[in-house]
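Below: start-v4.cif (mmCIF, C-alpha atoms and all ligand atoms)
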```cif
data_structure
loop_
_atom_site.label_atom_id
_atom_site.label_comp_id
_atom_site.auth_asym_id
_atom_site.auth_seq_id
_atom_site.Cartn_x
_atom_site.Cartn_y
_atom_site.Cartn_z
CA MET A 1 -21.12 4.39 14.71
CA GLN A 2 -18.70 1.68 15.83
CA GLY A 3 -18.91 -1.08 13.22
CA PRO A 4 -16.17 -0.90 10.59
CA MET A 5 -18.53 -1.41 7.67
CA SER A 6 -20.69 1.52 8.86
CA ARG A 7 -17.63 3.70 9.43
CA PHE A 8 -16.31 3.12 5.92
CA VAL A 9 -19.70 3.78 4.34
CA HIS A 10 -20.37 6.97 6.27
CA THR A 11 -16.96 8.58 6.71
CA GLY A 12 -15.89 11.44 4.48
CA PHE A 13 -19.11 12.86 3.14
CA GLU A 14 -22.59 12.70 4.55
CA ARG A 15 -24.59 15.11 2.42
CA ASP A 16 -24.13 18.42 0.64
CA PRO A 17 -25.66 21.07 2.94
CA ALA A 18 -26.67 23.22 -0.05
CA THR A 19 -28.34 20.55 -2.20
CA GLY A 20 -28.82 17.47 -0.02
CA ALA A 21 -26.77 15.45 -2.55
CA LEU A 22 -25.52 12.22 -1.00
CA ALA A 23 -22.32 12.06 -3.05
CA PRO A 24 -19.75 14.86 -3.08
CA ALA A 25 -19.61 17.24 -6.01
CA VAL A 26 -16.44 17.17 -8.06
CA TYR A 27 -15.11 20.72 -7.83
CA ARG A 28 -12.77 21.11 -10.77
CA ALA A 29 -12.36 24.87 -10.24
CA VAL A 30 -8.77 25.99 -9.84
CA SER A 31 -9.63 29.29 -8.12
CA PHE A 32 -12.30 30.38 -5.65
CA HIS A 33 -13.76 33.89 -5.73
CA HIS A 34 -12.34 36.11 -3.01
CA LYS A 35 -15.31 38.42 -2.60
CA ASP A 36 -14.01 40.12 0.53
CA PRO A 37 -10.20 40.26 0.43
CA GLU A 38 -10.17 41.29 4.10
CA LYS A 39 -11.57 37.90 5.13
CA PRO A 40 -9.71 34.61 4.72
CA LEU A 41 -11.16 32.08 2.31
CA ARG A 42 -11.73 28.43 3.24
CA TRP A 43 -10.51 27.46 -0.24
CA ASP A 44 -8.64 29.80 -2.53
CA TYR A 45 -6.52 27.75 -4.98
CA SER A 46 -6.95 24.07 -5.71
CA ARG A 47 -3.35 23.00 -5.22
CA SER A 48 -3.58 24.34 -1.66
CA GLY A 49 -7.03 22.95 -0.94
CA ASN A 50 -10.04 21.62 -2.80
CA PRO A 51 -13.46 20.63 -1.41
CA THR A 52 -13.56 17.24 -3.16
CA ARG A 53 -10.02 16.38 -2.09
CA ASP A 54 -10.86 17.61 1.42
CA ALA A 55 -13.68 15.07 1.63
CA LEU A 56 -11.24 12.26 0.83
CA GLU A 57 -8.48 13.64 3.06
CA GLY A 58 -10.93 13.95 5.95
CA ALA A 59 -12.10 10.38 5.34
CA ILE A 60 -8.63 8.83 5.41
CA ALA A 61 -7.69 10.88 8.49
CA THR A 62 -10.75 9.58 10.34
CA LEU A 63 -10.51 6.00 9.13
CA GLU A 64 -6.84 5.78 10.12
CA GLY A 65 -7.58 7.40 13.49
CA GLY A 66 -5.53 10.49 12.62
CA LEU A 67 -6.00 14.23 12.71
CA ARG A 68 -4.97 15.05 9.16
CA GLY A 69 -5.17 13.22 5.88
CA PHE A 70 -3.50 13.89 2.54
CA ALA A 71 -4.25 12.74 -0.98
CA PHE A 72 -1.44 12.51 -3.52
CA ALA A 73 -1.17 11.82 -7.22
CA SER A 74 0.25 8.32 -6.57
CA GLY A 75 1.45 6.05 -3.82
CA ASN A 76 5.00 6.93 -4.75
CA GLN A 77 4.18 10.62 -4.43
CA ALA A 78 2.94 9.96 -0.88
CA ILE A 79 6.22 8.15 -0.13
CA THR A 80 8.16 11.02 -1.72
CA ALA A 81 6.31 13.53 0.48
CA ALA A 82 7.19 11.47 3.56
CA PHE A 83 10.88 11.45 2.58
CA LEU A 84 10.76 15.21 2.00
CA LEU A 85 10.02 15.68 5.70
CA PHE A 86 13.72 14.97 6.23
CA ALA A 87 16.88 16.89 5.33
CA ALA A 88 20.24 16.35 3.66
CA GLY A 89 22.43 14.21 5.91
CA ASP A 90 19.49 12.36 7.48
CA HIS A 91 19.36 8.58 7.40
CA LEU A 92 16.32 6.31 7.36
CA ILE A 93 15.91 2.58 7.88
CA ALA A 94 13.48 0.90 5.46
CA THR A 95 12.05 -2.56 4.93
CA ALA A 96 14.39 -4.51 2.64
CA ASP A 97 11.54 -6.47 1.07
CA CYS A 98 9.81 -3.35 -0.22
CA GLN A 99 8.22 -2.34 -3.50
CA GLY A 100 10.73 -1.57 -6.22
CA GLY A 101 9.45 2.00 -6.60
CA THR A 102 10.67 3.01 -3.14
CA GLN A 103 14.18 1.81 -3.91
CA ARG A 104 14.21 3.52 -7.30
CA LEU A 105 13.07 6.78 -5.68
CA VAL A 106 15.89 6.63 -3.14
CA ARG A 107 18.58 5.54 -5.57
CA ALA A 108 17.71 7.72 -8.55
CA VAL A 109 16.46 10.87 -6.84
CA LEU A 110 16.74 11.28 -3.07
CA SER A 111 20.33 10.11 -2.73
CA ARG A 112 21.31 13.10 -4.90
CA PHE A 113 19.89 15.35 -2.19
CA GLY A 114 21.84 13.77 0.66
CA LEU A 115 19.26 11.38 2.14
CA SER A 116 20.47 7.87 2.80
CA VAL A 117 18.52 4.69 3.47
CA SER A 118 19.58 1.33 4.91
CA TYR A 119 17.39 -1.61 3.93
CA VAL A 120 16.89 -4.21 6.63
CA ASP A 121 14.38 -6.91 7.52
CA THR A 122 12.05 -4.86 9.67
CA ASP A 123 10.40 -8.04 10.95
CA ASP A 124 13.66 -8.50 12.89
CA LEU A 125 13.74 -5.79 15.58
CA ALA A 126 17.37 -6.51 16.47
CA ALA A 127 18.38 -5.94 12.83
CA VAL A 128 16.56 -2.60 12.85
CA GLN A 129 18.30 -1.63 16.08
CA ARG A 130 21.70 -2.52 14.60
CA ALA A 131 21.04 -0.32 11.57
CA ARG A 132 20.46 2.79 13.70
CA ARG A 133 23.05 5.53 13.23
CA PRO A 134 23.45 8.87 15.02
CA GLU A 135 21.87 10.57 12.00
CA THR A 136 18.92 8.14 11.72
CA LYS A 137 15.59 9.97 11.82
CA ALA A 138 12.94 7.43 10.93
CA VAL A 139 11.99 3.85 10.14
CA LEU A 140 9.86 3.24 7.04
CA VAL A 141 8.10 -0.10 7.26
CA GLU A 142 6.17 -1.78 4.51
CA ASN A 143 3.71 -4.12 6.18
CA PHE A 144 3.08 -6.75 5.00
CA SER A 145 6.21 -6.58 2.89
CA ASN A 146 6.33 -6.86 -0.87
CA PRO A 147 6.42 -9.47 -2.29
CA PHE A 148 7.32 -11.92 0.51
CA LEU A 149 4.63 -10.77 2.95
CA ARG A 150 6.94 -10.57 5.92
CA VAL A 151 5.20 -9.28 9.01
CA SER A 152 6.71 -6.44 11.04
CA ASP A 153 5.70 -5.96 14.66
CA ILE A 154 4.45 -2.37 14.49
CA PRO A 155 3.84 -1.92 18.27
CA ALA A 156 7.36 -3.17 19.11
CA LEU A 157 8.94 -0.99 16.40
CA ALA A 158 6.96 2.04 17.57
CA THR A 159 8.04 1.58 21.19
CA TRP A 160 11.70 1.31 20.22
CA ALA A 161 11.57 4.13 17.64
CA HIS A 162 10.01 6.53 20.12
CA GLN A 163 12.54 5.63 22.81
CA GLU A 164 15.21 6.57 20.28
CA GLY A 165 13.46 9.77 19.16
CA LEU A 166 12.74 8.35 15.69
CA ARG A 167 9.58 8.55 13.60
CA LEU A 168 7.82 5.38 12.53
CA ILE A 169 6.25 5.51 9.07
CA VAL A 170 4.15 2.59 7.80
CA ASP A 171 3.27 1.88 4.19
CA ASN A 172 -0.08 0.20 4.81
CA THR A 173 -0.88 -0.57 1.17
CA PHE A 174 -1.06 -4.36 1.45
CA LEU A 175 -3.34 -4.30 4.48
CA THR A 176 -5.42 -1.17 3.84
CA PRO A 177 -6.98 0.98 6.59
CA TYR A 178 -9.51 -1.80 7.11
CA LEU A 179 -7.11 -4.60 8.07
CA GLN A 180 -4.39 -2.74 9.96
CA ALA A 181 -4.47 0.51 11.96
CA PRO A 182 -0.82 1.60 12.21
CA LEU A 183 -1.50 4.87 14.03
CA ALA A 184 -3.39 3.04 16.79
CA LEU A 185 -0.45 0.60 16.96
CA GLY A 186 1.94 3.50 17.56
CA ALA A 187 3.09 4.67 14.10
CA ASP A 188 3.48 8.40 13.44
CA LEU A 189 2.55 8.42 9.78
CA VAL A 190 0.69 5.97 7.57
CA LEU A 191 0.97 5.85 3.77
CA HIS A 192 -1.00 4.07 1.05
CA SER A 193 -0.90 3.42 -2.60
CA ALA A 194 -4.66 3.96 -3.00
CA THR A 195 -4.18 2.79 -6.58
CA LYS A 196 -4.58 -0.72 -5.20
CA MET A 197 -7.33 -2.08 -2.92
CA ILE A 198 -8.60 1.32 -1.73
CA ALA A 199 -9.67 2.65 -5.13
CA GLY A 200 -10.12 -1.01 -5.91
CA HIS A 201 -11.06 -1.08 -9.59
CA GLY A 202 -7.77 -0.67 -11.38
CA ASP A 203 -8.70 2.70 -12.86
CA VAL A 204 -7.12 5.33 -10.59
CA THR A 205 -3.55 6.11 -9.58
CA ALA A 206 -3.49 7.72 -6.13
CA GLY A 207 -1.70 7.93 -2.80
CA LEU A 208 -2.89 8.71 0.71
CA ALA A 209 -1.28 9.64 4.02
CA ALA A 210 -2.58 10.22 7.53
CA THR A 211 -1.09 11.30 10.84
CA ALA A 212 -2.31 11.99 14.35
CA ASP A 213 0.66 14.28 15.04
CA GLU A 214 -0.13 17.96 14.51
CA GLU A 215 3.45 19.00 13.83
CA LEU A 216 3.93 16.21 11.30
CA GLY A 217 0.58 17.13 9.74
CA ARG A 218 1.64 20.74 9.29
CA ALA A 219 4.98 19.70 7.81
CA LEU A 220 3.34 17.25 5.39
CA TYR A 221 0.85 19.88 4.29
CA THR A 222 3.74 22.24 3.54
CA VAL A 223 5.38 19.54 1.41
CA GLN A 224 2.12 18.75 -0.40
CA ASN A 225 1.31 22.38 -1.09
CA ALA A 226 4.87 23.36 -1.99
CA THR A 227 5.58 20.45 -4.32
CA GLY A 228 2.11 20.18 -5.85
CA GLY A 229 1.87 16.41 -5.97
CA MET A 230 -1.75 16.38 -4.83
CA LEU A 231 -4.59 14.25 -6.21
CA SER A 232 -7.01 15.71 -8.77
CA PRO A 233 -10.66 16.35 -7.79
CA ASP A 234 -11.93 13.64 -10.19
CA ASP A 235 -9.56 11.03 -8.81
CA SER A 236 -10.30 12.13 -5.24
CA TYR A 237 -13.95 11.35 -5.92
CA GLN A 238 -13.10 7.90 -7.29
CA VAL A 239 -10.88 7.03 -4.33
CA LEU A 240 -13.53 8.15 -1.85
CA ARG A 241 -16.03 5.94 -3.67
CA GLY A 242 -13.64 3.01 -3.36
CA LEU A 243 -13.20 3.58 0.38
CA HIS A 244 -16.93 3.09 0.99
CA THR A 245 -16.85 -0.52 -0.23
CA LEU A 246 -13.31 -1.41 0.87
CA PRO A 247 -14.27 -3.58 3.89
CA LEU A 248 -16.71 -5.63 1.85
CA ARG A 249 -14.19 -6.21 -0.94
CA MET A 250 -11.39 -7.02 1.50
CA GLU A 251 -13.52 -9.48 3.44
CA ARG A 252 -14.48 -11.28 0.26
CA ALA A 253 -11.00 -11.28 -1.28
CA GLN A 254 -9.19 -12.38 1.85
CA ASP A 255 -11.74 -15.11 2.52
CA THR A 256 -11.00 -16.47 -0.95
CA ALA A 257 -7.26 -15.87 -0.43
CA GLY A 258 -7.24 -18.02 2.71
CA SER A 259 -8.73 -20.98 0.82
CA PHE A 260 -6.63 -20.31 -2.28
CA ALA A 261 -3.43 -20.28 -0.18
CA ALA A 262 -4.33 -23.72 1.15
CA PHE A 263 -4.97 -24.88 -2.43
CA LEU A 264 -1.64 -23.43 -3.62
CA SER A 265 0.28 -25.16 -0.86
CA ARG A 266 -1.10 -28.51 -2.09
CA GLN A 267 0.05 -28.01 -5.71
CA PRO A 268 3.16 -30.02 -6.56
CA GLU A 269 4.66 -27.16 -8.61
CA VAL A 270 4.69 -24.82 -5.57
CA VAL A 271 7.88 -25.17 -3.52
CA GLU A 272 7.50 -22.11 -1.30
CA ILE A 273 4.44 -20.17 -0.16
CA HIS A 274 4.22 -16.86 1.70
CA TYR A 275 0.88 -16.00 3.28
CA PRO A 276 0.68 -14.86 6.91
CA GLY A 277 -2.76 -16.45 7.24
CA LEU A 278 -1.20 -19.92 7.10
CA GLY A 279 -0.45 -21.34 10.56
CA GLY A 280 3.12 -22.26 9.59
CA ASP A 281 4.04 -18.84 8.19
CA PRO A 282 6.83 -17.17 10.21
CA GLY A 283 4.76 -13.98 10.50
CA HIS A 284 1.51 -15.68 11.51
CA GLU A 285 1.69 -15.02 15.23
CA THR A 286 2.64 -11.33 14.88
CA ALA A 287 -0.01 -10.83 12.23
CA ALA A 288 -2.70 -12.52 14.34
CA ARG A 289 -1.87 -10.06 17.13
CA THR A 290 -1.72 -6.87 15.04
CA VAL A 291 -4.10 -7.09 12.07
CA ARG A 292 -7.79 -7.68 11.54
CA GLY A 293 -7.20 -10.10 8.66
CA PHE A 294 -4.43 -11.52 6.54
CA GLY A 295 -5.33 -9.80 3.28
CA ASN A 296 -5.52 -10.95 -0.29
CA MET A 297 -1.87 -11.13 -1.38
CA ILE A 298 -0.04 -14.45 -1.68
CA THR A 299 3.44 -15.09 -3.05
CA VAL A 300 4.68 -18.48 -4.23
CA ARG A 301 7.85 -19.89 -5.73
CA LEU A 302 7.51 -22.55 -8.41
CA GLY A 303 9.93 -25.43 -8.56
CA ASP A 304 10.60 -24.76 -12.23
CA ALA A 305 10.84 -21.21 -13.63
CA ARG A 306 10.27 -22.58 -17.14
CA LEU A 307 6.60 -23.05 -16.25
CA VAL A 308 5.94 -19.36 -15.77
CA ALA A 309 5.72 -18.08 -19.35
CA PRO A 310 3.56 -20.90 -20.77
CA MET A 311 1.37 -20.82 -17.66
CA ALA A 312 0.77 -17.09 -18.20
CA ARG A 313 -0.18 -17.71 -21.85
CA HIS A 314 -2.68 -20.44 -20.86
CA LEU A 315 -4.49 -18.49 -18.14
CA GLU A 316 -7.99 -17.62 -19.30
CA MET A 317 -9.40 -15.61 -16.41
CA ILE A 318 -6.53 -14.67 -14.13
CA ARG A 319 -4.69 -11.59 -15.41
CA VAL A 320 -0.93 -11.19 -15.52
CA GLY A 321 0.72 -7.80 -15.06
CA ALA A 322 1.82 -4.99 -12.80
CA GLY A 323 -0.47 -3.72 -10.10
CA PHE A 324 -2.79 -5.46 -7.66
CA GLY A 325 -5.88 -4.90 -5.58
CA GLY A 326 -8.40 -4.76 -8.44
CA PRO A 327 -11.60 -6.83 -8.68
CA GLU A 328 -9.83 -9.45 -10.80
CA THR A 329 -7.32 -12.00 -9.59
CA SER A 330 -3.93 -11.17 -11.01
CA ILE A 331 -0.36 -12.38 -10.95
CA SER A 332 2.69 -10.14 -10.97
CA LEU A 333 6.10 -11.42 -11.97
CA PRO A 334 8.65 -9.43 -9.93
CA GLU A 335 11.28 -9.34 -12.68
CA LEU A 336 8.91 -7.83 -15.22
CA HIS A 337 6.39 -6.01 -13.09
CA CYS A 338 6.44 -5.11 -9.40
CA HIS A 339 10.23 -5.17 -8.96
CA ALA A 340 11.42 -4.20 -12.42
CA ALA A 341 12.94 -1.08 -10.82
CA LEU A 342 15.60 -3.17 -9.10
CA THR A 343 18.83 -4.15 -10.78
CA ALA A 344 19.30 -7.82 -11.67
CA GLY A 345 21.84 -8.07 -8.84
CA GLU A 346 19.42 -6.60 -6.31
CA ARG A 347 16.70 -9.01 -7.40
CA GLN A 348 19.09 -11.94 -7.12
CA GLU A 349 20.11 -10.84 -3.62
CA ARG A 350 16.45 -10.71 -2.57
CA ARG A 351 15.68 -14.09 -4.21
CA LEU A 352 13.31 -12.30 -6.60
CA THR A 353 13.95 -14.70 -9.41
CA GLY A 354 11.85 -15.74 -12.40
CA ASP A 355 10.13 -18.54 -10.46
CA ILE A 356 8.19 -16.14 -8.19
CA LEU A 357 4.48 -15.44 -8.67
CA ARG A 358 2.77 -12.74 -6.58
CA PHE A 359 -1.00 -13.24 -6.52
CA SER A 360 -3.55 -10.55 -5.84
CA VAL A 361 -6.72 -12.50 -5.12
CA GLY A 362 -9.81 -10.78 -6.48
CA LEU A 363 -13.55 -11.13 -6.18
CA GLU A 364 -14.22 -14.06 -8.50
CA ASP A 365 -15.41 -17.50 -7.34
CA LEU A 366 -12.70 -19.57 -5.71
CA ALA A 367 -13.44 -22.61 -7.89
CA ASP A 368 -12.90 -20.56 -11.06
CA ILE A 369 -9.58 -19.16 -9.80
CA GLU A 370 -8.33 -22.62 -8.84
CA ALA A 371 -9.52 -24.25 -12.07
CA ASP A 372 -7.93 -21.55 -14.24
CA LEU A 373 -4.56 -21.85 -12.53
CA ARG A 374 -4.58 -25.66 -12.44
CA ARG A 375 -5.47 -25.88 -16.15
CA ALA A 376 -2.74 -23.37 -17.07
CA LEU A 377 -0.13 -25.24 -15.00
CA ASP A 378 -1.11 -28.58 -16.57
CA ARG A 379 -0.81 -27.15 -20.07
CA ALA A 380 2.48 -25.44 -19.22
CA THR A 381 3.85 -28.70 -17.82
CA GLY A 382 2.87 -30.49 -21.03
CA GLU A 383 4.71 -27.87 -23.08
CA ILE A 384 8.02 -27.95 -21.25
CA GLN A 385 8.32 -31.73 -21.11
C1 LIG B 1 3.44 -1.25 -1.02
C2 LIG B 1 3.43 -0.22 -2.10
N1 LIG B 1 3.57 1.07 -1.78
C3 LIG B 1 3.57 2.04 -2.72
C4 LIG B 1 3.44 1.73 -4.06
C5 LIG B 1 3.47 2.82 -5.09
O1 LIG B 1 2.17 3.14 -5.46
P1 LIG B 1 1.77 3.84 -6.85
O2 LIG B 1 1.94 2.83 -7.92
O3 LIG B 1 0.35 4.25 -6.60
O4 LIG B 1 2.67 5.00 -7.02
C6 LIG B 1 3.26 0.40 -4.44
C7 LIG B 1 3.12 0.05 -5.86
O5 LIG B 1 2.97 -1.07 -6.21
C8 LIG B 1 3.28 -0.60 -3.43
O6 LIG B 1 3.15 -1.90 -3.75
#
```
What's the structure tokens form of this structure?
Ligand SMILES: Cc1ncc(COP(=O)(O)O)c(C=O)c1O
Amino acid sequence: MQGPMSRFVHTGFERDPATGALAPAVYRAVSFHHKDPEKPLRWDYSRSGNPTRDALEGAIATLEGGLRGFAFASGNQAITAAFLLFAAGDHLIATADCQGGTQRLVRAVLSRFGLSVSYVDTDDLAAVQRARRPETKAVLVENFSNPFLRVSDIPALATWAHQEGLRLIVDNTFLTPYLQAPLALGADLVLHSATKMIAGHGDVTAGLAATADEELGRALYTVQNATGGMLSPDDSYQVLRGLHTLPLRMERAQDTAGSFAAFLSRQPEVVEIHYPGLGGDPGHETAARTVRGFGNMITVRLGDARLVAPMARHLEMIRVGAGFGGPETSISLPELHCHAALTAGERQERRLTGDILRFSVGLEDLADIEADLRRALDRATGEIQ
């Protein structure tokens, strides 16, 4: 089975050997009967292992080309587990343009335990190299970055990191296991917020991780089992269901996103557009070399921040709020939603001002998305004049 669509449909669960059921059972049991205490049990306690979660963890391991997969209660829990592989005094280098939740986690929690992180533009290899310290242990790359969709060169980063004895960890949320294969490109560990495109329907909060490195796999399992941040059986089922249709949804959404990005770049209100699928985007060449497609996320800056609030009120179909990767097209406003965790000063430094719109292109018809936005912008313009 070589084709990606077939792999996503068939990976993770084929049929229940006992019943022939073609979808996995949801095993909510906490404990498993230990009939013969002299023999080990495959599953004994659900925090340590659960058949429904195993189906999902096996699926993400296979789809990412790894040996072990892990399902967590959220994307941030997966990131937390990755950080917990390190020790007090260790230093990591992370993508500066990253989701606010990673920065909040480091600032509010991990820094109290002696971990330190330097944020740099990981699409600039020389900047990453300059940030290396004797105590640096890993590079955590968000690719594409959030919200400016900067494109890091994963193969180049992996080569350098391994020369230096560092781990390369990739948060693959924006691209999904369908559009980018970080482990095949040289990364040691891949992370996802499965809350987004993977689960795909805006009704599950989940995180995933996969690695091809046995030692790292054992260490991550210890963290997952010891801290207990694993995904529930019901949510594991939902995420596995989402994985089966991920390629189809991504193909559709990114096809629309490509056309919508061209439309956005023609609108007079848009003064800056970030979408690696556009020929003029600074990350286009690296992306074309390293990913299967450019995804469904687009970020724009409007010339006038006063348009944003009335535009949001006039949208009829496009949703406004936190989150992305659902079936509906949505817009996040970094100040209020995706980067609310940053301080005002941090947002200012990253140019995350009130004139930024981050689009998650969904599954609707392109013409409806364009018409809704255009109408809302026209009405907003009328209101502020
Ligand atoms: C790139 C990225 N990674 C991780 C997360 C955290 O995921 P979750 O909300 O599932 O904890 C997010 C959330 O938006 C994200 O955008």
Kindly provide, as a list in words, all nucleotide and amino acid residues lying within 7 Å of ligand LIG 1 (chain B), counting all atoms listed in the file.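 Sorted by chain and then by number, the residues are Ser74, Gly75, Asn76, Gln77, Cys98, Gln99, Gly101, Glu142, Asn146, Asp171, Asn172, Thr173, Phe174, His192, Ser193, Ala194, Thr195, Thr205, Ala206, Gly207, Gly323 and Cys338 of chain A.
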Check the smallest atom-to-atom distance from each of A:Ala187, A:Leu246, A:Ala181, A:Met297 to Arg150 (chain A) using all atoms listed in the file, then report the winner.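 Residue with the minimum atom-to-atom distance to Arg150 (chain A): A:Met297.
A cut-off of 7 Å from the point (-4.2, -11.5, -11.2), with all atoms listed in the file, picks out the residues A:Ile318, A:Arg319, A:Val320, A:Glu328, A:Thr329, A:Ser330, A:Ile331, A:Phe359, A:Ser360, A:Val361.
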For a quick check of understanding, using all atoms listed in the file, which of A:Ala253, A:Ala262, A:Ala210, A:Ala322 has the smallest distance to Phe294 (chain A)? A:Ala253
I'd like the contact shell of Gly277 (chain A) - 12 Å cut-off, only C-alpha atoms, skipping same-chain residues fewer than 4 positions apart - returned as number ranges by chain. A: 144, 149-151, 254-262, 273, 281-289, 291-298
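Atom pair CA of Arg68 (chain A) / CA of Asn50 (chain A): separated by 14.6 Å.
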Residue with the minimum atom-to-atom distance to Leu63 (chain A), picked from A:Arg107, A:Arg132, A:His34, A:His244 with all atoms listed in the file counted, is A:His244
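Here CA of Ala88 (chain A) stands at a distance of 11.4 Å from CA of Lys137 (chain A).
In this comparison, which uses all atoms listed in the file, the residue of A:Leu240, A:Leu67, A:Leu278, A:Leu140 approaching Phe13 (chain A) most closely is A:Leu240.
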Work out where the centre of an axis-aligned box around every listed atom of region 13-24 of chain A lies and how long its edges are once 6 Å is added on each side; give both in Å to one decimal as AutoDock Vina command-line options.
```
--center_x -24.0 --center_y 17.6 --center_z 0.7 --size_x 21.7 --size_y 23.2 --size_z 19.6
```
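In this structure, CA of Ala81 (chain A) sits 9.6 Å away from CA of Thr222 (chain A).
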Using all atoms listed in the file, which of the listed residues (A:Leu84, A:Ile60, A:Leu357, A:Val270) sits closest to Gly114 (chain A)? A:Leu84
Within 12 Å of (24.6, 18.7, 7.7) (coordinates as in the file), grab all the protein and nucleic acid residues, counting all atoms listed in the file, and write them out as a PyMOL selection string. chain A and resi 86-91+113-115+135
Any chance you could export the current selection's C-alpha atoms as an mmCIF file, in the frame of the given file?
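File part-v6.cif, as written:
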```cif
data_model
loop_
_atom_site.group_PDB
_atom_site.id
_atom_site.type_symbol
_atom_site.label_atom_id
_atom_site.label_comp_id
_atom_site.auth_asym_id
_atom_site.auth_seq_id
_atom_site.Cartn_x
_atom_site.Cartn_y
_atom_site.Cartn_z
ATOM 1 C CA PHE A 86 13.720 14.970 6.230
ATOM 2 C CA ALA A 87 16.880 16.890 5.330
ATOM 3 C CA ALA A 88 20.240 16.350 3.660
ATOM 4 C CA GLY A 89 22.430 14.210 5.910
ATOM 5 C CA ASP A 90 19.490 12.360 7.480
ATOM 6 C CA HIS A 91 19.360 8.580 7.400
ATOM 7 C CA PHE A 113 19.890 15.350 -2.190
ATOM 8 C CA GLY A 114 21.840 13.770 0.660
ATOM 9 C CA LEU A 115 19.260 11.380 2.140
ATOM 10 C CA GLU A 135 21.870 10.570 12.000
#
```
Which of these, A:Glu251, A:Glu383, A:Glu214, A:Asp54, has the shortest distance to Val26 (chain A) once you count all atoms listed in the file?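 Closest to Val26 (chain A) of all the choices is A:Asp54.
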Quick one: residues within 10 Å of Gly65 (chain A), all atoms listed in the file, excluding same-chain residues fewer than 5 positions away - as JSON, numbers by chain? {"A": [59, 60, 177, 181, 182, 183, 184, 210, 211, 212]}
Need to verify the contact set: Ala55 (chain A), 10 Å, only C-alpha atoms, exclusion of same-chain residues closer than 3 positions in sequence. Can you return it as a PDB file with C-alpha atoms, in the frame of the given file?
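Output below, filename around08.pdb:
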```
ATOM      1  CA  THR A  11     -16.960   8.580   6.710  1.00  0.00           C
ATOM      2  CA  GLY A  12     -15.890  11.440   4.480  1.00  0.00           C
ATOM      3  CA  PHE A  13     -19.110  12.860   3.140  1.00  0.00           C
ATOM      4  CA  GLU A  14     -22.590  12.700   4.550  1.00  0.00           C
ATOM      5  CA  PRO A  24     -19.750  14.860  -3.080  1.00  0.00           C
ATOM      6  CA  ALA A  25     -19.610  17.240  -6.010  1.00  0.00           C
ATOM      7  CA  ASN A  50     -10.040  21.620  -2.800  1.00  0.00           C
ATOM      8  CA  PRO A  51     -13.460  20.630  -1.410  1.00  0.00           C
ATOM      9  CA  THR A  52     -13.560  17.240  -3.160  1.00  0.00           C
ATOM     10  CA  GLY A  58     -10.930  13.950   5.950  1.00  0.00           C
ATOM     11  CA  ALA A  59     -12.100  10.380   5.340  1.00  0.00           C
ATOM     12  CA  ILE A  60      -8.630   8.830   5.410  1.00  0.00           C
ATOM     13  CA  GLY A  69      -5.170  13.220   5.880  1.00  0.00           C
ATOM     14  CA  PRO A 233     -10.660  16.350  -7.790  1.00  0.00           C
ATOM     15  CA  SER A 236     -10.300  12.130  -5.240  1.00  0.00           C
ATOM     16  CA  TYR A 237     -13.950  11.350  -5.920  1.00  0.00           C
ATOM     17  CA  LEU A 240     -13.530   8.150  -1.850  1.00  0.00           C
TER      18      LEU A 240
END
```
